[in-house]
file input_5.csv (CSV, C-alpha atoms)
chain,number,residue,atom,x,y,z
Z,1,ILE,CA,0.0,0.0,0.0
Z,2,ASP,CA,1.0,3.6,-0.4
Z,3,LEU,CA,3.0,5.0,2.5
Z,4,PHE,CA,2.6,8.1,4.7
Z,5,ILE,CA,5.3,8.0,7.4
Z,6,GLU,CA,5.9,10.3,10.3
Z,7,LYS,CA,9.2,12.2,10.4
Z,8,PRO,CA,11.9,11.4,10.8
Z,9,LEU,CA,12.0,8.5,8.3
Z,10,SER,CA,14.3,6.6,10.7
Z,11,ALA,CA,16.9,7.1,13.4
Z,12,SER,CA,19.5,5.2,11.3
Z,13,THR,CA,20.1,4.1,7.7
Z,14,ASN,CA,19.4,0.4,8.5
Z,15,GLY,CA,16.9,-1.1,6.1
Z,16,LEU,CA,16.4,2.0,4.0
Z,17,GLN,CA,17.7,0.5,0.8
Z,18,GLU,CA,15.4,-2.4,1.1
Z,19,LEU,CA,12.5,0.0,1.7
Z,20,LYS,CA,13.5,1.9,-1.5
Z,21,ARG,CA,13.6,-1.3,-3.5
Z,22,ASN,CA,10.1,-2.3,-2.3
Z,23,ILE,CA,8.7,1.1,-3.1
Z,24,LYS,CA,10.2,1.1,-6.6
Z,25,LYS,CA,9.1,-2.4,-7.3
Z,26,ARG,CA,5.5,-1.8,-6.2
Z,27,ARG,CA,5.3,1.8,-7.6
Z,28,LEU,CA,4.1,3.2,-4.3
Z,29,ILE,CA,3.4,6.8,-3.5
Z,30,THR,CA,5.2,7.9,-0.4
Z,31,LEU,CA,5.3,11.0,1.8
Z,32,VAL,CA,7.4,11.7,4.9
Z,33,GLY,CA,5.6,14.0,7.4
Z,34,CYS,CA,6.4,17.6,6.5
Z,35,ASP,CA,3.5,19.7,7.9
Z,36,HIS,CA,5.6,22.9,8.0
Z,37,ARG,CA,5.5,23.0,4.2
Z,38,PHE,CA,1.8,23.7,4.5
Z,39,HIS,CA,2.3,26.7,6.8
Z,40,PRO,CA,1.0,29.7,4.8
Z,41,CYS,CA,4.0,31.8,5.7
Z,42,LEU,CA,6.6,29.2,4.8
Z,43,LYS,CA,4.7,28.5,1.5
Z,44,LYS,CA,4.9,32.2,0.8
Z,45,ILE,CA,8.6,32.3,1.6
Z,46,LYS,CA,9.2,29.4,-0.8
Z,47,GLU,CA,7.3,31.3,-3.5
Z,48,LEU,CA,9.3,34.5,-2.9
Z,49,ILE,CA,12.6,32.5,-3.2
Z,50,ASP,CA,11.5,30.9,-6.4
Z,51,LYS,CA,10.6,34.3,-7.8
Z,52,ASN,CA,14.0,35.7,-6.9
Z,53,ARG,CA,12.5,38.5,-4.8
Z,54,LEU,CA,15.5,38.6,-2.6
Z,55,GLY,CA,18.1,38.3,-5.4
Z,56,ARG,CA,21.0,36.0,-4.9
Z,57,ILE,CA,20.7,34.6,-1.4
Z,58,TYR,CA,23.7,34.7,0.9
Z,59,SER,CA,22.6,33.2,4.1
Z,60,VAL,CA,19.7,31.9,6.3
Z,61,GLN,CA,19.2,31.7,10.0
Z,62,VAL,CA,16.4,29.6,11.5
Z,63,GLU,CA,15.5,29.1,15.2
Z,64,SER,CA,13.1,26.7,16.8
Z,65,SER,CA,12.7,26.7,20.6
Z,66,SER,CA,10.2,25.1,22.9
Z,67,LEU,CA,9.9,23.1,26.2
Z,68,LEU,CA,9.6,19.3,25.8
Z,69,SER,CA,7.4,18.9,28.8
Z,70,ASP,CA,4.9,21.3,27.3
Z,71,TRP,CA,4.3,19.3,24.2
Z,72,HIS,CA,2.0,16.7,25.7
Z,73,PRO,CA,0.9,17.9,29.1
Z,74,TYR,CA,-1.3,14.8,29.5
Z,75,GLU,CA,1.7,12.4,29.5
Z,76,ASP,CA,5.1,12.0,31.3
Z,77,TYR,CA,7.6,13.6,28.9
Z,78,ARG,CA,10.3,11.4,30.2
Z,79,LYS,CA,8.7,8.3,28.8
Z,80,GLY,CA,8.3,9.5,25.2
Z,81,TYR,CA,10.7,8.6,22.4
Z,82,SER,CA,11.8,12.2,22.1
Z,83,ALA,CA,13.4,12.0,25.6
Z,84,GLN,CA,15.2,8.7,25.1
Z,85,ASN,CA,18.3,8.1,23.2
Z,86,LYS,CA,17.7,4.4,22.9
Z,87,LEU,CA,14.4,5.1,21.1
Z,88,GLY,CA,16.0,7.4,18.6
Z,89,GLY,CA,14.9,10.5,20.3
Z,90,GLY,CA,16.7,13.8,20.8
Z,91,ILE,CA,16.2,17.3,19.4
Z,92,ALA,CA,18.1,16.6,16.1
Z,93,THR,CA,16.0,13.6,15.1
Z,94,THR,CA,12.7,14.8,16.6
Z,95,MET,CA,12.6,18.4,15.3
Z,96,THR,CA,13.3,17.8,11.6
Z,97,HIS,CA,10.8,20.3,10.4
Z,98,GLU,CA,13.3,23.1,10.0
Z,99,LEU,CA,15.9,21.0,8.2
Z,100,ASP,CA,13.1,19.8,5.9
Z,101,PHE,CA,11.9,23.2,4.9
Z,102,LEU,CA,15.4,24.6,4.6
Z,103,GLN,CA,16.1,21.9,2.0
Z,104,TRP,CA,12.8,22.7,0.3
Z,105,PHE,CA,14.0,26.3,0.1
Z,106,PHE,CA,17.6,25.8,-0.9
Z,107,GLY,CA,18.2,22.2,-2.0
Z,108,ASP,CA,20.7,19.7,-0.7
Z,109,VAL,CA,23.2,20.3,2.1
Z,110,LYS,CA,26.9,19.8,1.1
Z,111,GLU,CA,28.7,20.2,4.5
Z,112,ILE,CA,27.6,20.5,8.1
Z,113,PHE,CA,29.2,21.4,11.5
Z,114,SER,CA,27.2,20.9,14.7
Z,115,ILE,CA,27.2,20.9,18.4
Z,116,THR,CA,24.4,18.5,19.5
Z,117,LYS,CA,24.2,17.5,23.1
Z,118,LYS,CA,22.2,17.6,26.4
Z,119,VAL,CA,22.7,20.7,28.5
Z,120,SER,CA,19.4,21.3,30.4
Z,121,ASP,CA,18.0,19.9,33.6
Z,122,LEU,CA,15.3,17.9,31.7
Z,123,GLU,CA,15.2,14.3,32.9
Z,124,ILE,CA,16.0,12.8,29.5
Z,125,THR,CA,18.9,10.8,28.0
Z,126,ALA,CA,18.8,12.3,24.6
Z,127,ASP,CA,20.2,15.6,23.2
Z,128,ASP,CA,18.2,18.7,23.8
Z,129,ILE,CA,20.1,21.3,21.8
Z,130,SER,CA,21.6,21.3,18.3
Z,131,ALA,CA,23.4,24.2,16.8
Z,132,MET,CA,24.1,23.5,13.1
Z,133,THR,CA,26.1,25.5,10.6
Z,134,MET,CA,25.8,24.2,7.0
Z,135,ILE,CA,26.7,24.9,3.4
Z,136,PHE,CA,24.1,24.1,0.8
Z,137,LYS,CA,25.3,22.9,-2.6
Z,138,ASN,CA,24.1,26.2,-4.1
Z,139,GLY,CA,26.5,28.1,-1.8
Z,140,VAL,CA,23.9,29.4,0.7
Z,141,ILE,CA,25.2,29.4,4.3
Z,142,GLY,CA,22.7,28.1,6.8
Z,143,GLU,CA,22.5,28.4,10.6
Z,144,LEU,CA,20.0,26.4,12.5
Z,145,HIS,CA,19.3,26.5,16.3
Z,146,LEU,CA,17.1,23.8,17.8
Z,147,ASP,CA,16.3,23.3,21.5
Z,148,TYR,CA,13.5,21.9,23.6
Z,149,PHE,CA,14.3,23.4,27.0
Z,150,ALA,CA,13.0,26.9,26.7
Z,151,ARG,CA,9.8,29.0,26.9
Z,152,PRO,CA,8.0,30.5,25.2
Z,153,GLU,CA,7.7,28.3,22.1
Z,154,PHE,CA,9.2,30.3,19.2
Z,155,LYS,CA,10.2,29.8,15.6
Z,156,SER,CA,11.8,32.3,13.2
Z,157,CYS,CA,13.5,32.5,9.8
Z,158,LYS,CA,15.7,35.3,8.5
Z,159,ILE,CA,17.0,35.2,4.9
Z,160,ARG,CA,19.6,37.7,3.5
Z,161,GLY,CA,20.0,38.3,-0.2
Z,162,THR,CA,21.5,40.9,-2.6
Z,163,LEU,CA,18.2,42.8,-2.7
Z,164,GLY,CA,17.3,42.7,1.0
Z,165,THR,CA,16.4,40.7,4.1
Z,166,LEU,CA,13.3,38.6,4.8
Z,167,TYR,CA,12.1,37.9,8.3
Z,168,TRP,CA,9.3,35.7,9.7
Z,169,ASN,CA,8.4,34.5,13.2
Z,170,THR,CA,5.6,32.7,14.9
Z,171,GLU,CA,4.7,35.6,17.2
Z,172,SER,CA,3.5,38.0,14.5
Z,173,ASN,CA,3.1,35.3,11.8
Z,174,ASP,CA,3.8,37.8,9.1
Z,175,ILE,CA,6.5,38.1,6.5
Z,176,ARG,CA,8.6,41.3,6.4
Z,177,ILE,CA,11.1,42.3,3.8
Z,178,PHE,CA,13.7,45.1,4.2
Z,179,TYR,CA,14.5,46.1,0.7
Z,180,ASN,CA,17.9,47.7,0.5
Z,181,ASN,CA,16.8,50.3,-2.0
Z,182,GLN,CA,13.8,51.4,0.1
Z,183,ASN,CA,15.7,51.4,3.5
Z,184,LYS,CA,12.7,50.2,5.5
Z,185,TRP,CA,10.8,47.1,6.6
Z,186,LYS,CA,7.6,46.3,4.7
Z,187,ILE,CA,5.0,43.6,5.7
Z,188,ILE,CA,4.2,41.8,2.5
Z,189,PHE,CA,2.2,38.8,3.9
Z,190,LYS,CA,0.2,37.9,7.0
Z,191,ALA,CA,-1.3,34.6,8.0
Z,192,LYS,CA,-4.8,35.6,9.0
Z,193,ASN,CA,-6.8,33.3,11.3
Z,194,PHE,CA,-4.1,30.7,11.3
Z,195,GLU,CA,-4.7,27.5,13.2
Z,196,ARG,CA,-1.9,24.9,13.6
Z,197,ASN,CA,-4.2,22.0,12.8
Z,198,GLN,CA,-4.7,23.4,9.3
Z,199,MET,CA,-1.2,22.2,8.3
Z,200,PHE,CA,-1.9,18.6,9.2
Z,201,VAL,CA,-5.3,18.6,7.3
Z,202,LYS,CA,-3.8,20.1,4.2
Z,203,GLU,CA,-0.8,17.7,4.4
Z,204,LEU,CA,-3.2,14.7,4.3
Z,205,GLU,CA,-5.3,16.2,1.6
Z,206,TYR,CA,-2.2,16.7,-0.5
Z,207,PHE,CA,-1.0,13.1,0.1
Z,208,LEU,CA,-4.4,11.6,-0.7
Z,209,LYS,CA,-4.6,13.7,-3.9
Z,210,CYS,CA,-1.2,12.4,-5.0
Z,211,VAL,CA,-2.3,8.8,-4.2
Z,212,LYS,CA,-5.4,9.3,-6.3
Z,213,ASN,CA,-3.5,10.8,-9.3
Z,214,ARG,CA,-0.5,8.5,-8.8
Z,215,ASP,CA,1.8,11.6,-8.6
Z,216,GLU,CA,5.1,11.6,-6.7
Z,217,THR,CA,5.0,13.8,-3.6
Z,218,PHE,CA,7.5,16.6,-3.0
Z,219,ASN,CA,8.9,14.9,0.2
Z,220,ASP,CA,9.0,11.2,-0.7
Z,221,VAL,CA,11.1,8.6,1.0
Z,222,ASN,CA,14.1,9.5,-1.1
Z,223,GLN,CA,13.9,13.1,0.2
Z,224,GLY,CA,13.4,11.8,3.7
Z,225,ILE,CA,16.6,9.8,3.4
Z,226,LYS,CA,18.5,13.0,2.5
Z,227,THR,CA,17.1,14.8,5.6
Z,228,LEU,CA,18.1,11.8,7.7
Z,229,GLU,CA,21.7,11.9,6.3
Z,230,VAL,CA,22.0,15.5,7.3
Z,231,ILE,CA,20.8,14.7,10.8
Z,232,LEU,CA,23.2,11.8,11.1
Z,233,GLY,CA,25.9,14.1,9.7
Z,234,ALA,CA,25.2,16.7,12.4
Z,235,LYS,CA,25.4,14.1,15.1
Z,236,LYS,CA,28.7,12.7,13.7
Z,237,SER,CA,30.1,16.3,13.5
Z,238,SER,CA,29.3,17.0,17.1
Z,239,LYS,CA,31.0,13.7,18.2
Z,240,ILE,CA,34.2,14.1,16.2
Z,241,LYS,CA,34.2,18.0,16.5
Z,242,LYS,CA,34.8,18.4,12.7
Z,243,THR,CA,32.9,19.4,9.6
Z,244,VAL,CA,31.2,16.5,7.9
Z,245,ARG,CA,30.5,16.2,4.2
Z,246,ILE,CA,27.0,15.0,3.2
Z,247,GLU,CA,27.4,12.5,0.4
call {"tool": "encode", "arguments": {"input": "input_5.csv", "output": "C-alpha cells"}}
result
Amino acid sequence: IDLFIEKPLSASTNGLQELKRNIKKRRLITLVGCDHRFHPCLKKIKELIDKNRLGRIYSVQVESSSLLSDWHPYEDYRKGYSAQNKLGGGIATTMTHELDFLQWFFGDVKEIFSITKKVSDLEITADDISAMTMIFKNGVIGELHLDYFARPEFKSCKIRGTLGTLYWNTESNDIRIFYNNQNKWKIIFKAKNFERNQMFVKELEYFLKCVKNRDETFNDVNQGIKTLEVILGAKKSSKIKKTVRIE
C-alpha cells in the first residue's frame, strides 16, 4: 500500500535501501511527514525565493525553541521517544521540520558542522540542543538552532540576499522584507486566522490527492533519506568535532 510515514523516516540508515527497492518495485506513492511545508508563511517564503524576490541569497538563520514537557501535558515527557536516546529521540531527530523546509527552500546540504548535546535539567537521556552550521550545494550558508528546554515556544527564519532581508516568526506570523533600495521594513504577507491543525489537514489532503492521481510527492522517502543523512551528519560532526561532508 502507499505510505505516509511520520518524520523522521528513521533514526538510522538500517533497512532503508530495502525499503526503497520495495517502493520502486510496487510503484508506491510515499510522503514523509512535512506539515511545515503547509504553513501559509513558509509556503509564501518558498514562492518568494523561487521568484527571486531577494536576489541571490547569501545566508539563512532559523530558530526553533520550545519546552519538551509542554508538548503533551497529558503524559510523562520522560517516557516519550523524544526524551530517550535508545528510542531514537533527541532534538536533532525529533525536530526535523526546519531541516526539511530549509532543503525545500535551498536544495541539498553539502557540508555541516554541529554541536548537538544535552545541556538542560530535563530528565532525559537524549540531546536537547543542536546548533548547526551548514553549506548548501548552491552556496547558501545556513545556521539552525534547535532546542527543547525553553519557553515561550518560538520559531523564526531570517534570509539575507542581494536585494534585501526577509524575516518571519511565529509571534507575529507575518513576512517582512527590508529592501535595500527602500531602506525600511515592509509587511508583504500575514497569515490571518491561522490554526496549527490546518497544516496537518492540508498535508493529508495533499497526500491523498497524490495517491489518487499517482503523482510523486515533494517529500517522498528519497527526500526523507536526504534529511536523515543531514541529521546523522550533524550528530557525527558533534561527536568528532569536525565538519562532515554529506554524500
call {"tool": "closest_atom_pairs", "arguments": {"input": "input_5.csv", "of": "segment 114-201 of chain Z", "to": "segment 17-35 of chain Z", "cutoff": "12 Å", "atoms": "all atoms listed in the file", "output": "Markdown table"}}
result
| residue | atom | partner | partner_atom | distance |
| --- | --- | --- | --- | --- |
| Z:Arg196 | CA | Z:Asp35 | CA | 9.4 |
| Z:Asn197 | CA | Z:Asp35 | CA | 9.4 |
| Z:Gln198 | CA | Z:Asp35 | CA | 9.1 |
| Z:Met199 | CA | Z:Asp35 | CA | 5.3 |
| Z:Phe200 | CA | Z:Asp35 | CA | 5.7 |
| Z:Val201 | CA | Z:Asp35 | CA | 8.9 |
call {"tool": "residues_around", "arguments": {"input": "input_5.csv", "residues": "segment 45-61 of chain Z", "least_positions_apart": "6", "cutoff": "8 Å", "atoms": "all atoms listed in the file", "output": "ChimeraX atom specification"}}
result
/Z:104-105,139-144,157-166,175
call {"tool": "residues_near_point", "arguments": {"input": "input_5.csv", "point": "(23.5, 8.5, 25.8)", "cutoff": "8 Å", "atoms": "all atoms listed in the file", "output": "JSON, numbers by chain"}}
result
{"Z": [85, 86, 125, 126]}
call {"tool": "write_last_selection", "arguments": {"input": "input_5.csv", "atoms": "C-alpha atoms", "output": "PDB file, in the frame of the given file"}}
result
ATOM      1  CA  ASN Z  85      18.300   8.100  23.200  1.00  0.00           C
ATOM      2  CA  LYS Z  86      17.700   4.400  22.900  1.00  0.00           C
ATOM      3  CA  THR Z 125      18.900  10.800  28.000  1.00  0.00           C
ATOM      4  CA  ALA Z 126      18.800  12.300  24.600  1.00  0.00           C
TER       5      ALA Z 126
END
call {"tool": "closest_residue", "arguments": {"input": "input_5.csv", "among": "Z:Lys7, Z:Lys239, Z:Lys202, Z:Arg37", "to": "Phe218 of chain Z", "atoms": "all atoms listed in the file"}}
result
Z:Arg37
call {"tool": "closest_residue", "arguments": {"input": "input_5.csv", "among": "Z:Ile112, Z:Leu146, Z:Leu87, Z:Ile135", "to": "Arg245 of chain Z", "atoms": "only C-alpha atoms"}}
result
Z:Ile112
call {"tool": "residues_near_point", "arguments": {"input": "input_5.csv", "point": "(23.4, 15.3, 15.3)", "cutoff": "12 Å", "atoms": "only C-alpha atoms", "output": "number ranges by chain"}}
result
Z: 11-12, 85, 88-96, 99, 112-118, 126-133, 144-146, 227-241, 243-244
call {"tool": "write_last_selection", "arguments": {"input": "input_5.csv", "atoms": "C-alpha atoms", "output": "short mmCIF file (atom, residue, chain, number, x, y, z; two decimals), in the coordinates of the input"}}
result
data_model
loop_
_atom_site.label_atom_id
_atom_site.label_comp_id
_atom_site.auth_asym_id
_atom_site.auth_seq_id
_atom_site.Cartn_x
_atom_site.Cartn_y
_atom_site.Cartn_z
CA ALA Z 11 16.90 7.10 13.40
CA SER Z 12 19.50 5.20 11.30
CA ASN Z 85 18.30 8.10 23.20
CA GLY Z 88 16.00 7.40 18.60
CA GLY Z 89 14.90 10.50 20.30
CA GLY Z 90 16.70 13.80 20.80
CA ILE Z 91 16.20 17.30 19.40
CA ALA Z 92 18.10 16.60 16.10
CA THR Z 93 16.00 13.60 15.10
CA THR Z 94 12.70 14.80 16.60
CA MET Z 95 12.60 18.40 15.30
CA THR Z 96 13.30 17.80 11.60
CA LEU Z 99 15.90 21.00 8.20
CA ILE Z 112 27.60 20.50 8.10
CA PHE Z 113 29.20 21.40 11.50
CA SER Z 114 27.20 20.90 14.70
CA ILE Z 115 27.20 20.90 18.40
CA THR Z 116 24.40 18.50 19.50
CA LYS Z 117 24.20 17.50 23.10
CA LYS Z 118 22.20 17.60 26.40
CA ALA Z 126 18.80 12.30 24.60
CA ASP Z 127 20.20 15.60 23.20
CA ASP Z 128 18.20 18.70 23.80
CA ILE Z 129 20.10 21.30 21.80
CA SER Z 130 21.60 21.30 18.30
CA ALA Z 131 23.40 24.20 16.80
CA MET Z 132 24.10 23.50 13.10
CA THR Z 133 26.10 25.50 10.60
CA LEU Z 144 20.00 26.40 12.50
CA HIS Z 145 19.30 26.50 16.30
CA LEU Z 146 17.10 23.80 17.80
CA THR Z 227 17.10 14.80 5.60
CA LEU Z 228 18.10 11.80 7.70
CA GLU Z 229 21.70 11.90 6.30
CA VAL Z 230 22.00 15.50 7.30
CA ILE Z 231 20.80 14.70 10.80
CA LEU Z 232 23.20 11.80 11.10
CA GLY Z 233 25.90 14.10 9.70
CA ALA Z 234 25.20 16.70 12.40
CA LYS Z 235 25.40 14.10 15.10
CA LYS Z 236 28.70 12.70 13.70
CA SER Z 237 30.10 16.30 13.50
CA SER Z 238 29.30 17.00 17.10
CA LYS Z 239 31.00 13.70 18.20
CA ILE Z 240 34.20 14.10 16.20
CA LYS Z 241 34.20 18.00 16.50
CA THR Z 243 32.90 19.40 9.60
CA VAL Z 244 31.20 16.50 7.90
#
call {"tool": "atom_distance", "arguments": {"input": "input_5.csv", "atom1": "atom CA of Thr170 of chain Z", "atom2": "atom CA of Lys155 of chain Z"}}
result
5.5 Å
call {"tool": "atom_distance", "arguments": {"input": "input_5.csv", "atom1": "atom CA of Ser69 of chain Z", "atom2": "atom CA of Tyr148 of chain Z"}}
result
8.6 Å
call {"tool": "atom_distance", "arguments": {"input": "input_5.csv", "atom1": "atom CA of Leu208 of chain Z", "atom2": "atom CA of Val109 of chain Z"}}
result
29.1 Å
call {"tool": "closest_residue", "arguments": {"input": "input_5.csv", "among": "Z:Glu111, Z:Glu75, Z:Asp100, Z:Asp70", "to": "Pro152 of chain Z", "atoms": "all atoms listed in the file"}}
result
Z:Asp70
call {"tool": "closest_residue", "arguments": {"input": "input_5.csv", "among": "Z:Glu247, Z:Trp168, Z:Leu42, Z:Glu205", "to": "Ile187 of chain Z", "atoms": "only C-alpha atoms"}}
result
Z:Trp168
call {"tool": "closest_residue", "arguments": {"input": "input_5.csv", "among": "Z:Asn169, Z:Ala191, Z:Ile246, Z:Arg214", "to": "Lys44 of chain Z", "atoms": "all atoms listed in the file"}}
result
Z:Ala191
